[in-house]
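Novice: coords17.txt is reproduced below (compact mmCIF, C-alpha atoms).
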```txt
# COMPACT_ATOMS: atom_id res chain seq x y z
CA MET A 1 79.19 132.09 100.30
CA ALA A 2 79.54 128.51 99.12
CA LEU A 3 83.01 129.22 97.75
CA ALA A 4 84.10 130.88 101.01
CA GLY A 5 82.78 127.89 102.93
CA ASN A 6 84.69 125.49 100.71
CA ILE A 7 87.89 127.49 101.12
CA ALA A 8 87.44 127.53 104.90
CA GLY A 9 86.86 123.77 104.86
CA VAL A 10 90.05 123.18 102.89
CA LYS A 11 92.00 125.38 105.31
CA ASP A 12 90.60 123.49 108.30
CA ARG A 13 91.49 120.15 106.74
CA PHE A 14 94.99 121.38 105.92
CA ALA A 15 95.44 122.65 109.50
CA THR A 16 94.28 119.28 110.83
CA MET A 17 96.79 117.48 108.60
CA LEU A 18 99.70 119.61 109.85
CA ARG A 19 98.66 120.05 113.49
CA SER A 20 101.77 118.34 114.90
CA LEU A 21 103.96 121.09 113.40
CA LYS A 22 102.60 123.46 116.04
CA HIS A 23 104.96 121.73 118.48
CA ARG A 24 108.40 123.39 118.25
CA ASN A 25 110.48 120.27 118.94
CA TYR A 26 108.62 118.20 116.39
CA ARG A 27 108.80 120.99 113.82
CA LEU A 28 112.60 121.17 114.13
CA PHE A 29 112.94 117.41 113.86
CA PHE A 30 110.56 117.28 110.89
CA MET A 31 112.54 119.85 108.88
CA GLY A 32 115.97 118.39 109.66
CA GLN A 33 114.91 114.83 108.99
CA GLY A 34 113.24 115.83 105.72
CA LEU A 35 116.49 117.12 104.25
CA SER A 36 118.51 114.18 105.54
CA LEU A 37 116.12 111.57 104.15
CA VAL A 38 116.55 112.84 100.59
CA GLY A 39 120.25 112.02 100.89
CA THR A 40 119.49 108.64 102.43
CA TRP A 41 117.29 107.63 99.49
CA MET A 42 119.91 108.86 97.04
CA GLN A 43 122.48 106.60 98.71
CA THR A 44 120.07 103.64 98.69
CA VAL A 45 119.51 103.88 94.93
CA ALA A 46 123.19 104.50 94.16
CA MET A 47 124.28 101.55 96.31
CA SER A 48 121.82 99.16 94.61
CA TRP A 49 122.89 100.30 91.17
CA LEU A 50 126.61 100.08 92.01
CA VAL A 51 126.24 96.52 93.34
CA TYR A 52 124.24 95.38 90.32
CA ARG A 53 126.74 97.04 87.98
CA LEU A 54 129.66 95.27 89.69
CA THR A 55 128.06 91.83 90.07
CA ASP A 56 125.24 91.46 87.50
CA SER A 57 123.45 89.35 90.15
CA ALA A 58 120.03 89.67 91.79
CA PHE A 59 121.25 87.20 94.41
CA TYR A 60 124.11 89.50 95.44
CA LEU A 61 121.60 92.34 95.77
CA GLY A 62 119.72 90.12 98.19
CA VAL A 63 122.91 89.35 100.12
CA LEU A 64 123.71 93.06 100.45
CA ALA A 65 120.23 93.79 101.78
CA PHE A 66 120.59 90.83 104.16
CA VAL A 67 123.82 92.05 105.76
CA SER A 68 122.65 95.67 105.92
CA GLN A 69 119.51 94.76 107.85
CA LEU A 70 120.49 91.71 109.90
CA PRO A 71 122.28 93.63 112.71
CA THR A 72 119.05 95.51 113.41
CA PHE A 73 117.35 92.28 114.42
CA PHE A 74 119.93 91.53 117.12
CA LEU A 75 120.71 95.08 118.29
CA ALA A 76 117.20 96.59 118.40
CA PRO A 77 116.27 94.98 121.77
CA VAL A 78 119.38 96.43 123.44
CA ALA A 79 118.64 99.79 121.80
CA GLY A 80 115.13 99.64 123.23
CA VAL A 81 116.48 99.22 126.76
CA LEU A 82 118.85 102.16 126.25
CA ALA A 83 116.02 104.29 124.85
CA ASP A 84 113.91 103.64 127.96
CA ARG A 85 116.88 104.47 130.22
CA LEU A 86 118.66 107.40 128.53
CA SER A 87 117.97 110.54 126.52
CA LYS A 88 116.56 109.40 123.17
CA ARG A 89 117.63 112.69 121.58
CA ASN A 90 121.29 112.18 122.55
CA ILE A 91 121.31 108.61 121.28
CA VAL A 92 119.95 109.72 117.90
CA ILE A 93 122.58 112.47 117.62
CA VAL A 94 125.33 109.87 118.09
CA THR A 95 123.84 107.50 115.52
CA GLN A 96 123.44 110.27 112.94
CA VAL A 97 127.08 111.34 113.33
CA ALA A 98 128.13 107.69 112.87
CA ALA A 99 125.97 107.36 109.74
CA MET A 100 127.58 110.51 108.32
CA ALA A 101 131.02 108.96 108.83
CA GLN A 102 129.92 105.76 107.06
CA ALA A 103 128.69 107.76 104.07
CA LEU A 104 132.00 109.65 103.85
CA VAL A 105 134.00 106.40 103.79
CA LEU A 106 131.68 105.06 101.09
CA THR A 107 132.21 108.27 99.09
CA ALA A 108 135.98 107.96 99.29
CA LEU A 109 135.97 104.33 98.11
CA ALA A 110 133.57 104.92 95.23
CA TRP A 111 135.19 108.17 94.09
CA ASP A 112 138.53 106.63 93.12
CA GLY A 113 136.92 103.55 91.56
CA HIS A 114 138.43 101.06 94.02
CA ALA A 115 135.14 99.97 95.63
CA ASN A 116 134.46 96.26 95.22
CA TYR A 117 131.49 94.17 96.26
CA TRP A 118 132.94 92.91 99.54
CA MET A 119 133.92 96.42 100.64
CA LEU A 120 130.32 97.44 100.06
CA VAL A 121 129.14 94.46 102.11
CA VAL A 122 131.31 95.56 105.05
CA LEU A 123 130.07 99.15 104.88
CA ALA A 124 126.47 97.99 104.55
CA THR A 125 126.95 95.88 107.68
CA VAL A 126 128.36 98.90 109.55
CA LEU A 127 125.29 100.93 108.57
CA GLY A 128 123.11 98.06 109.77
CA VAL A 129 124.77 98.24 113.20
CA ILE A 130 124.18 102.01 113.33
CA ASN A 131 120.54 101.60 112.28
CA GLY A 132 120.06 98.93 114.93
CA PHE A 133 120.43 101.66 117.56
CA ASP A 134 119.02 104.55 115.54
CA ILE A 135 115.69 103.29 114.23
CA PRO A 136 113.96 102.10 117.43
CA THR A 137 115.22 105.13 119.34
CA ARG A 138 114.10 107.58 116.65
CA GLN A 139 110.69 105.90 116.42
CA SER A 140 110.09 106.22 120.16
CA LEU A 141 111.53 109.77 120.25
CA VAL A 142 108.53 111.08 118.26
CA TYR A 143 106.28 110.65 121.32
CA GLU A 144 108.49 113.05 123.30
CA LEU A 145 108.48 115.72 120.58
CA VAL A 146 104.73 116.43 120.69
CA ASP A 147 103.42 118.19 123.80
CA LYS A 148 99.92 116.72 123.36
CA PRO A 149 99.79 112.90 123.20
CA GLU A 150 96.59 113.11 121.14
CA ASP A 151 98.71 114.57 118.33
CA LEU A 152 100.92 111.46 118.24
CA PRO A 153 99.01 109.70 115.39
CA ASN A 154 99.33 112.83 113.28
CA ALA A 155 103.05 113.14 114.07
CA ILE A 156 103.64 109.53 113.01
CA ALA A 157 101.67 110.12 109.81
CA LEU A 158 103.68 113.28 109.06
CA ASN A 159 106.87 111.29 109.67
CA SER A 160 105.67 108.89 107.00
CA LEU A 161 104.76 111.84 104.79
CA ILE A 162 108.27 113.33 104.92
CA PHE A 163 109.87 109.88 104.59
CA ASN A 164 107.92 109.15 101.43
CA SER A 165 108.31 112.66 100.03
CA ALA A 166 112.04 112.00 100.28
CA ARG A 167 111.49 108.60 98.66
CA LEU A 168 109.80 110.40 95.78
CA VAL A 169 112.47 113.10 95.37
CA GLY A 170 115.66 111.23 96.35
CA PRO A 171 115.59 108.32 93.86
CA SER A 172 114.62 110.59 90.98
CA ILE A 173 117.58 112.87 91.71
CA ALA A 174 119.84 109.87 92.26
CA GLY A 175 119.07 108.40 88.84
CA VAL A 176 120.20 111.61 87.16
CA VAL A 177 123.23 112.10 89.45
CA VAL A 178 124.45 108.52 88.93
CA TYR A 179 124.11 108.92 85.18
CA TYR A 180 126.08 112.18 85.01
CA ALA A 181 128.40 112.11 88.04
CA GLY A 182 128.52 108.51 89.31
CA GLU A 183 127.47 106.79 92.50
CA ALA A 184 130.07 108.55 94.67
CA ALA A 185 128.32 111.90 94.19
CA CYS A 186 125.14 110.46 95.72
CA PHE A 187 127.08 109.13 98.70
CA LEU A 188 128.62 112.56 99.27
CA VAL A 189 125.25 114.31 99.16
CA ASN A 190 123.98 111.86 101.77
CA ALA A 191 126.94 112.53 104.06
CA VAL A 192 126.36 116.30 103.88
CA SER A 193 122.60 115.92 104.42
CA PHE A 194 123.09 114.36 107.86
CA GLY A 195 124.17 117.79 109.06
CA ALA A 196 120.56 119.02 108.82
CA VAL A 197 119.11 116.47 111.23
CA ILE A 198 122.09 116.73 113.62
CA VAL A 199 121.68 120.51 113.88
CA SER A 200 117.91 120.22 114.39
CA LEU A 201 118.39 117.68 117.20
CA CYS A 202 120.87 119.98 118.94
CA PHE A 203 118.20 122.71 119.12
CA ILE A 204 115.52 120.40 120.53
CA SER A 205 114.75 120.83 124.24
CA ILE A 206 112.39 118.32 125.87
CA LYS A 207 110.85 119.77 129.02
CA ARG A 208 107.83 117.62 129.85
CA PRO A 209 108.48 114.68 132.21
CA ILE A 210 108.99 111.32 130.49
CA ALA A 211 108.58 108.02 132.35
CA ARG A 212 111.89 106.12 132.50
CA VAL A 213 112.39 102.46 133.20
CA ARG A 214 113.60 101.56 136.68
CA LYS A 215 117.11 100.19 136.07
CA THR A 216 117.25 96.54 137.11
CA GLY A 217 119.79 95.15 134.63
CA VAL A 218 119.74 94.90 130.83
CA MET A 219 118.65 91.25 130.69
CA SER A 220 115.78 91.65 133.16
CA GLU A 221 114.58 94.76 131.31
CA LEU A 222 114.79 92.89 128.02
CA ALA A 223 112.77 90.04 129.48
CA GLU A 224 110.20 92.49 130.87
CA GLY A 225 109.76 94.09 127.43
CA PHE A 226 109.41 90.76 125.64
CA GLY A 227 106.95 89.50 128.26
CA TYR A 228 104.86 92.65 128.09
CA ALA A 229 104.52 92.39 124.30
CA ALA A 230 103.97 88.63 124.24
CA ASN A 231 101.26 88.64 126.91
CA PHE A 232 99.13 91.44 125.44
CA MET A 233 97.34 90.07 122.38
CA PRO A 234 96.92 93.35 120.43
CA ILE A 235 100.65 94.15 120.59
CA ARG A 236 101.59 90.55 119.87
CA THR A 237 99.28 90.33 116.86
CA LEU A 238 100.45 93.62 115.34
CA LEU A 239 104.09 92.60 115.71
CA ILE A 240 103.49 89.20 114.10
CA LEU A 241 101.69 90.85 111.19
CA LEU A 242 104.52 93.35 110.74
CA ALA A 243 107.10 90.58 110.79
CA PHE A 244 105.23 88.55 108.19
CA MET A 245 104.69 91.53 105.89
CA SER A 246 108.36 92.48 106.16
CA LEU A 247 109.44 88.92 105.45
CA THR A 248 107.22 88.46 102.40
CA GLY A 249 106.25 91.91 101.10
CA MET A 250 108.91 94.43 102.03
CA SER A 251 111.71 92.69 100.14
CA TYR A 252 110.26 93.41 96.69
CA GLY A 253 112.72 96.34 96.51
CA VAL A 254 115.59 93.88 96.07
CA LEU A 255 114.22 93.03 92.63
CA LEU A 256 113.79 96.58 91.33
CA PRO A 257 117.22 96.77 89.63
CA VAL A 258 116.28 93.52 87.83
CA TYR A 259 112.96 95.00 86.70
CA ALA A 260 114.61 98.29 85.68
CA ARG A 261 117.31 96.72 83.50
CA ASP A 262 116.16 93.27 82.41
CA ILE A 263 112.35 93.49 82.26
CA LEU A 264 111.74 97.16 81.44
CA HIS A 265 115.08 97.47 79.53
CA GLY A 266 116.13 100.74 81.17
CA GLY A 267 119.01 102.12 83.21
CA PRO A 268 119.58 103.92 86.52
CA GLN A 269 116.96 106.54 85.56
CA THR A 270 114.37 103.76 85.23
CA LEU A 271 115.28 102.46 88.68
CA GLY A 272 114.96 105.98 90.07
CA PHE A 273 111.53 106.44 88.45
CA LEU A 274 110.29 103.10 89.81
CA MET A 275 111.39 103.99 93.34
CA GLY A 276 109.92 107.45 92.87
CA SER A 277 106.59 105.86 91.92
CA VAL A 278 106.69 103.84 95.11
CA GLY A 279 107.20 107.17 96.87
CA ILE A 280 104.16 108.71 95.15
CA GLY A 281 101.93 105.89 96.35
CA ALA A 282 103.35 106.06 99.84
CA LEU A 283 102.98 109.85 99.84
CA VAL A 284 99.28 109.54 99.01
CA GLY A 285 98.96 107.03 101.84
CA ALA A 286 100.70 109.36 104.27
CA VAL A 287 98.37 112.24 103.34
CA PHE A 288 95.41 109.92 103.87
CA LEU A 289 96.64 108.96 107.36
CA ALA A 290 97.58 112.53 108.32
CA SER A 291 94.06 113.71 107.46
CA ARG A 292 92.52 111.22 109.91
CA LYS A 293 91.56 112.67 113.28
CA SER A 294 91.68 109.50 115.41
CA VAL A 295 93.20 106.06 115.69
CA LEU A 296 89.72 104.53 115.62
CA GLY A 297 89.18 102.30 112.60
CA LEU A 298 92.87 101.72 111.89
CA GLY A 299 92.40 97.95 112.08
CA ARG A 300 90.16 98.00 109.00
CA VAL A 301 92.59 100.41 107.33
CA ILE A 302 95.41 97.89 107.84
CA VAL A 303 93.42 95.11 106.19
CA GLY A 304 92.53 97.31 103.20
CA ALA A 305 96.13 98.47 102.81
CA ILE A 306 97.47 94.91 102.65
CA VAL A 307 94.85 93.96 100.04
CA VAL A 308 95.91 96.95 97.89
CA PHE A 309 99.57 95.93 98.23
CA SER A 310 98.86 92.30 97.34
CA LEU A 311 96.86 93.09 94.21
CA GLY A 312 99.45 95.65 93.12
CA ALA A 313 102.32 93.18 93.62
CA VAL A 314 100.72 90.45 91.50
CA ALA A 315 99.87 92.88 88.68
CA PHE A 316 103.28 94.59 88.74
CA ALA A 317 105.04 91.23 88.68
CA TYR A 318 103.95 90.51 85.11
CA SER A 319 103.91 94.03 83.66
CA ASN A 320 106.61 94.84 81.10
CA VAL A 321 105.30 98.28 80.05
CA PHE A 322 107.17 101.08 81.80
CA TRP A 323 104.28 103.50 82.42
CA VAL A 324 101.93 100.71 83.51
CA SER A 325 104.59 99.40 85.88
CA MET A 326 105.03 102.86 87.41
CA GLY A 327 101.31 103.07 88.15
CA LEU A 328 101.13 99.57 89.60
CA ILE A 329 104.18 99.90 91.81
CA SER A 330 102.68 103.01 93.38
CA LEU A 331 100.00 100.68 94.82
CA LEU A 332 102.76 98.76 96.59
CA GLY A 333 104.06 101.99 98.10
CA PHE A 334 100.58 103.02 99.24
CA GLY A 335 99.71 99.66 100.77
CA LEU A 336 102.96 99.09 102.61
CA MET A 337 103.21 102.63 103.97
CA VAL A 338 99.65 102.73 105.27
CA GLN A 339 99.96 99.30 106.85
CA MET A 340 103.31 99.97 108.54
CA ALA A 341 102.43 103.49 109.76
CA SER A 342 99.03 102.35 111.05
CA CYS A 343 100.65 99.53 113.03
CA ASN A 344 103.22 102.02 114.40
CA THR A 345 100.43 104.39 115.49
CA LEU A 346 98.43 101.65 117.18
CA LEU A 347 101.47 100.26 118.99
CA GLN A 348 102.56 103.65 120.33
CA THR A 349 98.98 104.44 121.38
CA ILE A 350 98.37 101.27 123.40
CA THR A 351 101.89 100.86 124.88
CA ALA A 352 102.76 101.98 128.44
CA ASP A 353 105.08 105.01 128.47
CA ASP A 354 107.93 103.33 130.36
CA LYS A 355 108.01 100.43 127.88
CA ARG A 356 107.71 102.42 124.65
CA GLY A 357 111.40 102.13 123.75
CA ARG A 358 111.38 98.37 124.10
CA VAL A 359 108.11 97.89 122.22
CA MET A 360 109.38 100.10 119.40
CA ALA A 361 112.54 98.00 119.40
CA LEU A 362 110.33 94.97 118.83
CA TYR A 363 108.54 96.95 116.12
CA THR A 364 111.92 97.57 114.50
CA MET A 365 112.81 93.88 114.76
CA ALA A 366 109.51 92.97 113.11
CA PHE A 367 109.60 95.78 110.53
CA ILE A 368 113.27 95.68 109.54
CA GLY A 369 114.87 92.79 111.37
CA THR A 370 113.01 90.09 109.43
CA THR A 371 113.56 91.81 106.08
CA PRO A 372 117.12 90.40 105.66
CA VAL A 373 115.76 86.87 105.55
CA GLY A 374 113.08 87.99 103.11
CA SER A 375 115.72 89.72 100.97
CA LEU A 376 117.78 86.55 100.86
CA LEU A 377 114.74 84.40 100.03
CA ILE A 378 113.50 86.73 97.30
CA GLY A 379 117.00 86.81 95.81
CA LEU A 380 117.06 83.00 95.78
CA GLY A 381 113.55 82.90 94.36
CA ALA A 382 114.56 85.24 91.53
CA LYS A 383 117.54 83.01 90.79
CA TYR A 384 115.61 79.72 90.60
CA ILE A 385 112.00 80.57 89.57
CA GLY A 386 112.43 84.08 88.15
CA ALA A 387 111.81 87.55 89.53
CA GLN A 388 108.22 87.78 88.21
CA THR A 389 106.98 84.52 89.70
CA THR A 390 108.70 85.26 93.00
CA LEU A 391 106.99 88.65 93.33
CA ALA A 392 103.58 87.19 92.43
CA VAL A 393 103.95 84.52 95.14
CA THR A 394 104.74 87.17 97.78
CA GLY A 395 101.57 89.06 96.79
CA GLY A 396 99.49 85.93 97.36
CA LEU A 397 101.06 85.30 100.76
CA CYS A 398 100.32 88.86 101.88
CA MET A 399 96.68 88.52 100.83
CA ALA A 400 96.41 85.47 103.08
CA ALA A 401 97.88 87.49 105.98
CA ALA A 402 95.20 90.17 105.48
CA ALA A 403 92.48 87.54 105.78
CA VAL A 404 93.91 86.13 109.02
CA PHE A 405 94.30 89.59 110.60
CA ALA A 406 90.75 90.58 109.60
CA SER A 407 89.40 87.51 111.43
CA LYS A 408 91.07 88.68 114.66
CA LEU A 409 89.84 92.29 114.61
CA PRO A 410 86.73 91.84 116.82
CA LYS A 411 88.79 90.34 119.65
CA LEU A 412 91.51 92.98 119.29
CA ARG A 413 88.96 95.81 119.54
CA LYS A 414 87.57 94.38 122.75
CA GLN A 415 91.02 94.25 124.39
CA VAL A 416 92.13 97.79 123.46
CA HIS A 417 88.78 99.38 124.38
CA PRO A 418 89.75 100.01 128.07
CA ILE A 419 92.98 101.74 126.95
CA TYR A 420 91.09 103.98 124.55
CA VAL A 421 88.63 104.89 127.32
CA GLU A 422 91.46 105.67 129.75
CA LYS A 423 93.17 107.93 127.19
CA GLY A 424 89.93 109.67 126.25
CA ILE A 425 90.00 108.34 122.68
CA ARG A 426 86.51 106.92 123.02
CA SER A 427 83.77 106.99 125.64
CA ALA A 428 82.98 104.09 127.91
```
In structure tokens, write the structure found in this file.

Specialist:
Amino acid sequence: MALAGNIAGVKDRFATMLRSLKHRNYRLFFMGQGLSLVGTWMQTVAMSWLVYRLTDSAFYLGVLAFVSQLPTFFLAPVAGVLADRLSKRNIVIVTQVAAMAQALVLTALAWDGHANYWMLVVLATVLGVINGFDIPTRQSLVYELVDKPEDLPNAIALNSLIFNSARLVGPSIAGVVVYYAGEAACFLVNAVSFGAVIVSLCFISIKRPIARVRKTGVMSELAEGFGYAANFMPIRTLLILLAFMSLTGMSYGVLLPVYARDILHGGPQTLGFLMGSVGIGALVGAVFLASRKSVLGLGRVIVGAIVVFSLGAVAFAYSNVFWVSMGLISLLGFGLMVQMASCNTLLQTITADDKRGRVMALYTMAFIGTTPVGSLLIGLGAKYIGAQTTLAVTGGLCMAAAAVFASKLPKLRKQVHPIYVEKGIRSA
């Protein structure tokens, strides 16, 4: 009897974790995106390794990250307006086709050995432009793919789950593929993988009514979105925290080729294993969030996640033992994933439907748009004070951010309480 009860409990918990997959549109998107993301992570690892192989410079890695992410900061607000006006599904189809074309060009250049650093900078900038329209639109599209809004937190958590599963699988495969077949093979796999998400999007049919913005001009709609976010303290605070964490914490990935080759004395396989370890930590975090039944308590979860990241960053910074480093860097993956996904969930929960595209554009600006500056700064820091000291400093800064956010939680809870009551999340 006890065993049967335990089995039933496990089944119930598993069903709770995967409840968003009951929605056909989300299920299609989930499967297509899962395959595509493996290719994306393979390209990310191969690109970093190719640049470091060509330049031998951590600073140039930072520059590449800077140019690949900077366009997102400027284009995301416009993308948010378009997402609130037009079909989000159609916009994402266009951006995925464009990303496939970029990967094919990258494949052709790398295959014949004529790729140089500045060609890679141009192609990274092109991908940044594509992502500037893709990321905020894809983030806000998730809301339309679940028929029950109460399943939105689970859908966002499952998105993080598939993203970080791909982060676990993709880099590990990429390390082997780069070693035996070269970087171009990874770029080609990525180009082919876009077909999965494009096909899945073509089969999606959104039938429930979605609130659209009343068209009054791009600039006025931009101003409305900025004003809405700036004047509502919970949204404003979450966006500021995201921006700070992206500026200081997210850019640690720029230094991973340095750690793989110069500190841990490995090769592309070592880089792949490190990124895979980040994926393991993030995957555990995604499972943790998917198993939660409500958004209640996510503020405390955010604080705890940043503390875990900060401690992990400081410890990883000075580790020079491969297996120890793999364990420590998984804490960075856990902390960052839980913090970012929790902020995403809270923002989408408390945002008005007709402004979701613009708020998620601001989320993208905060999450990705500030990372280029952080990438540049962490590259400069590695050049002048060393990679290990630079990473330890970022861990300390993130710990300070956790303390500030924790002090604001009581006021934030009071302001979101009426929204939670209106949506039936909690009683009056």

Novice: With distances taken over only C-alpha atoms, which residue among A:Arg85, A:Arg53, A:His23, A:His114 lies nearest Arg358 (chain A)?

Specialist: A:Arg85

Novice: Which neighbours of Thr107 (chain A) fall inside 12 Å, counting only C-alpha atoms, when residues of the same chain fewer than 2 positions from it are skipped, and could you give them as a PDB file with C-alpha atoms, keeping the file's coordinate frame?

Specialist:
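Result file follows (result-v1.pdb):
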```pdb
ATOM      1  CA  GLN A  43     122.480 106.600  98.710  1.00  0.00           C
ATOM      2  CA  ALA A  46     123.190 104.500  94.160  1.00  0.00           C
ATOM      3  CA  MET A  47     124.280 101.550  96.310  1.00  0.00           C
ATOM      4  CA  MET A 100     127.580 110.510 108.320  1.00  0.00           C
ATOM      5  CA  ALA A 101     131.020 108.960 108.830  1.00  0.00           C
ATOM      6  CA  GLN A 102     129.920 105.760 107.060  1.00  0.00           C
ATOM      7  CA  ALA A 103     128.690 107.760 104.070  1.00  0.00           C
ATOM      8  CA  LEU A 104     132.000 109.650 103.850  1.00  0.00           C
ATOM      9  CA  VAL A 105     134.000 106.400 103.790  1.00  0.00           C
ATOM     10  CA  LEU A 109     135.970 104.330  98.110  1.00  0.00           C
ATOM     11  CA  ALA A 110     133.570 104.920  95.230  1.00  0.00           C
ATOM     12  CA  TRP A 111     135.190 108.170  94.090  1.00  0.00           C
ATOM     13  CA  ASP A 112     138.530 106.630  93.120  1.00  0.00           C
ATOM     14  CA  GLY A 113     136.920 103.550  91.560  1.00  0.00           C
ATOM     15  CA  HIS A 114     138.430 101.060  94.020  1.00  0.00           C
ATOM     16  CA  ALA A 115     135.140  99.970  95.630  1.00  0.00           C
ATOM     17  CA  LEU A 120     130.320  97.440 100.060  1.00  0.00           C
ATOM     18  CA  LEU A 123     130.070  99.150 104.880  1.00  0.00           C
ATOM     19  CA  GLY A 182     128.520 108.510  89.310  1.00  0.00           C
ATOM     20  CA  GLU A 183     127.470 106.790  92.500  1.00  0.00           C
ATOM     21  CA  ALA A 184     130.070 108.550  94.670  1.00  0.00           C
ATOM     22  CA  ALA A 185     128.320 111.900  94.190  1.00  0.00           C
ATOM     23  CA  CYS A 186     125.140 110.460  95.720  1.00  0.00           C
ATOM     24  CA  PHE A 187     127.080 109.130  98.700  1.00  0.00           C
ATOM     25  CA  LEU A 188     128.620 112.560  99.270  1.00  0.00           C
ATOM     26  CA  VAL A 189     125.250 114.310  99.160  1.00  0.00           C
ATOM     27  CA  ASN A 190     123.980 111.860 101.770  1.00  0.00           C
ATOM     28  CA  ALA A 191     126.940 112.530 104.060  1.00  0.00           C
ATOM     29  CA  VAL A 192     126.360 116.300 103.880  1.00  0.00           C
TER      30      VAL A 192
END
```

Novice: Let me make sure I understand: among A:Ala402, A:Ile156, A:Gln348, A:Ala387, which one has the smallest atom-to-atom distance to Val303 (chain A) if we use all atoms listed in the file?

Specialist: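 Using all atoms listed in the file, Val303 (chain A) sits closest to A:Ala402.
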
Novice: Using only C-alpha atoms, find the one residue out of A:Val176, A:Ala361, A:Ile306, A:Val254 that sits nearest to Phe59 (chain A).

Specialist: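 Nearest candidate to Phe59 (chain A) out of A:Val176, A:Ala361, A:Ile306, A:Val254: A:Val254.
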
Novice: Could you please determine the separation between CA of Ala243 (chain A) and CA of Ala317 (chain A) in Å, to one decimal place?

Specialist: 22.2 Å
